[in-house]
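To start, the structure itself, in structure tokens.
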Amino acid sequence: MTRSLDTRAILLFVLVGLLFVGTGFLQSWNTTLSIFNMALVSAIMALGVNMQWGYAGLFNVGVMGFVALGGLAAVLVSMDPVDEAWAAGGIQILLGLVLGAATIVLAILAYSRMAAGLMRTLAMLVILIGGFFLFRAVFDPAVARVEAVNPAATGYLGGLGLPVILAWPMGGVLAAGAAWLIGKTALGLRSDYLAIATLGIAEIIIAVMKNEDWLARGVKNVTTIPRPVPYEVNLQQTPWFIELADRIGADVITFSSIFVKLCYASLFIVVLLALIWLSEKAWNSPWGRMMRAIRDNEVSASAMGKDVKARHLQVFVLGSAVIGMAGAMMTTLDSQLVPGTYQPLRFTFLVWVMVIVGGSGNNWGAVLGGFLIWWLWIQVEPLGALLMQGITAGMDADSWLRGHLMESVAHMRLLTMGIILLLVLRFSPRGLIPER
Amino acid sequence: MDILNAIVTLLNFVIIPATAYGAQLALGALGVTLIYGILRFSNFAHGDTMAFGTMVVILCTWGLQGMGMDGIGPLPTALLALPVGIAVTGLLVVGTDRAVYRFYRAKKAKPVIYVIASLGVMFIMNGIVRFIIGVDDQRFADGERFIISARTFRDMTGLEEGLAFRTSQGITIVVAVIAVALLFWFLNRTRTGKSMRAFSDNEDLALLSGINPERVVMITWLIVAALATTAGTLYGLDKSFKAFTYFQLLLPIFAAAIVGGLGNPVGAILGGFLIAFSEVGVTYAFRKVVEYLAPGDWQPEGLLQLLSTDYKFAVSFAILLIVLLFRPTGIMKGKSV
């Protein structure tokens with residue numbers, strides 16, 4: 001076995017590290033740490049995508065959906081249950097959902113058990129149409145009642161009231177469940193179709209989260225999700241903390257916010273390292289070799305008796321679980337779930353840029369890509385603003401073009417990401433840290 | 001019972017809007033399907049190509065409006081700007097092909113590499129559009145707003161329900177028919193069109209018979225640019241222009257192309273209308289129609305809406321899945337690479 005990190009890779013990590021340290025000196029350590037925390041989360045998302053793409057060659061462009069499911073898990077696990085809402089119709093909503101699921105299962109059973117023909121088509125139609133109206137009849141009134149419970153503050157069922165850390169594995173489980181359903185239907189199809197299917201399912205997940213207010217308040221957003229780390233305000237009044245700040249010679253308020261970010265960072269680093277360790281183990285195991293064999297030549301792998309479809313499903317579920325976990329961590333970091341902010345460019349395609357640029361088929365590469373691309377995504381804006389100031393320096397201060405150019409700086413990041421992706425794909429298609 | 005009013009309501013809220021939307025989707029899906037047939041990959045940048053083309057048309061329209069134009073008679077000025085938009089978009093996509101895709105063609109890269117490259121192109125085009133025109137809603141329709149307005153219709157027929165037929169809808173349908181007729185004439189009657197079809201059916205044989213692949217590819221891109229710009233402009237006239245909406249159109253467009261059978265132009269048109277009619281039909285509240293049809297004073301409970309409009313993506317997606325599961329190559333037989 002070759003060493004997992006060669007000199008070139010270590011050098012690249014050091015360089016990216018310098019970018020972050022440089023940001024700390026030039027801008028502020030608070031900024032660096034915010035970027036760093038999101039970079040850790042991005043790196044985990046990239047790891048998940050790398051499992052699907054790098055290990056198995058599965059083209060998943062529904063990353064956003066799994067990230068959002070993770071975010072949903074954070075709400076469902078950590079918010080307190082709303083007892084009034086449960087009393088108003090919680091059980092009935094669940095009953096409705098069970099009825100809906102039963103309808104689909106029944107239809108599938110009818111399809112697989114009955115002989116093909118007119119009877120089967122009719123039976124399925126009756127089951128689906130009847131089931132749909134039954135579902136709506138049970139589900140709709142309950143939803144209306146739940147959403148009427150104090151809509152300004154709650155209007156939803158709430159969560160389980162458990163510690164938010166538990167949401168991270170839960171996010172993984174939710175995403176894995178969704179991935180299993182998608183994989184079951186779409187993995188047998190061609191690669192392009194899987195892409196479109198995942199793209200679609202991600203949009204649907206977001207649509208559900210925006211519109212089902214009883215679930216997580218929809219576009220009214222859930223804020224004040226509990227934290228796994230102390231609050232700045234409390235820290236600023238704790239004696240040992242003030243003493244510590246004094247000893248370091250830092251301003252208590254600045255230091256408290258840095259301290260909180262460091263707490264998040266250490267939690268995230270533990271998760272990231274554990275995941276890298278597991279991924280590397282898996283990559284170097286017989287299972288990893290089998291995955292690569294399937295990826296490189298499906299026909300001969302299946303001739304060797306490998307169940308290609310089952311392996312694909314397995315790795316698709318695993319990768320999605322990792323992405324879901326990252327999604328839950330992100331929502332924990334933000335302390336709020338805002339379904340309107342989930343945009344495919346930011347949550348699906350940017351993660352893809354990370355994986356391609358970092359090096360598909362290499363866990364360290366994906367992590368490096370996560371850090372580098374996230375840093376760029378944030379910093380392109382100030383850098384672009386500087387550049388624009390340079391370009392427009394000669395122009396009249398209140399000219400129309402200058403105003404327009406300065407305003408448009410925000411959109412430079414998309415342009416930059418596209419150019420980086422194309423350049424890497426062309427000149428270094430295996431990424432910065434290639435697969436070994 | 002009031003069948004006439006029921007029909008008018010249905011026409012007004014379902015059939016006319018769905019036909020216009022279906023025509024826009026069909027034009028978009030034709031572009032996707034052509035690229036798939038000739039270049040053999042799913043072009044994720046298609047939505048943003050549409051946005052780019054529409055943006056050029058809008059800028060040009062504003063220029064013309066600034067010069068004092070207010071529609072070509074009853075028609076919107078944008079129609080005059082459309083050729084300019086097509087030309088600029090054509091230059092852009094042919095340039096993109098030279099700069100990006102040609103390299104992978106020479107290397108005979110796997111289709112998925114093209115798809116990833118198209119993601120990069122998508123980012124860049126999206127960036128350019130946002131950079132130039134911003135993310136806000138832009139309206140650029142002018143000229144006469146209605147062919148028949150609801151009030152005129154009521155006065156004319158004495159019916160209770162009005163029927164509004166907007167100019168943008170009429171133009172969409174007429175332009176789409178012309179575009180499709182031209183496309184099929186080109187593919188079936190001209191030498192270049194025939195060579196394109198030959199190339200799509202069997203690349204090796206086409207090369208053997210002396211067809212120049214680079215020429216075929218370039219012409220394909222030009223046609224795609226024309227289709228995308230037309231589709232985008234019609235959609236923008238009918239609704240409004242917003243960069244992000246065009247990106248989201250990617251899903252119904254792909255659904256239409258796949259449902260119809262990727263690589264099959266007739267299928268793309270069928271798929272477009274199928275998706276549009278299902279989306280509008282499933283998310284429309286049928287209460288009024290049923291009220292007119294129901295005997296006596298019976299009134300239905302609720303809105304009779306199967307799904308809220310926010311779930312229209314789910315509709316195109318569900319159709320996509322059903323077709324893929326039961327007929328993986330689409331309604332009309334498509335390619336399967």
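How things are named: the first chain in the structure tokens is A, the next is B, and so on; residues count from 1 in each chain; ligands count from 1 in the order shown.
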- prompt: Taking only C-alpha atoms into account, which residues of chain A are within 9 Å of chain B, as JSON, numbers by chain?
  reply: {"A": [59, 185, 186, 189, 190, 191, 192, 193, 196, 197, 199, 200, 201, 203, 204, 207, 208, 210, 211, 345, 349, 352, 353, 356, 404, 405, 407, 408, 409, 410, 411, 412, 413, 414, 415, 416, 417, 418, 419, 420, 421, 422, 425, 426]}
task: Please run DSSP on the backbone and report, as JSON, numbers by chain, all residues within stretch 67-137 of chain B that come out as helix (DSSP H, G or I).
output: {"B": [78, 79, 80, 81, 82, 83, 84, 85, 86, 87, 88, 89, 90, 91, 92, 93, 94, 95, 96, 97, 98, 99, 100, 101, 102, 103, 104, 105, 106, 107, 111, 112, 113, 114, 115, 116, 117, 118, 119, 120, 121, 122, 123, 124, 125, 126, 127, 128, 129, 130, 131, 132, 133]}
field: Contacts of B:Thr245 at 12 Å (only C-alpha atoms; same-chain gap of 4+ positions) as a PyMOL selection string
entry: (chain A and resi 343) or (chain B and resi 47-48+50-51+126+135-138+232+235-236+239-241+249-252)
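Separating atom CA of A:Tyr55 from atom CA of A:Met291 is a distance of 6.0 Å.
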task: Would you mind telling me which residue in A:Arg120, A:Ala43, A:Ile127, A:Gly96 lies nearest to A:Pro141 when using only C-alpha atoms?
output: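 Among A:Arg120, A:Ala43, A:Ile127, A:Gly96, it is A:Gly96 that comes nearest to A:Pro141.
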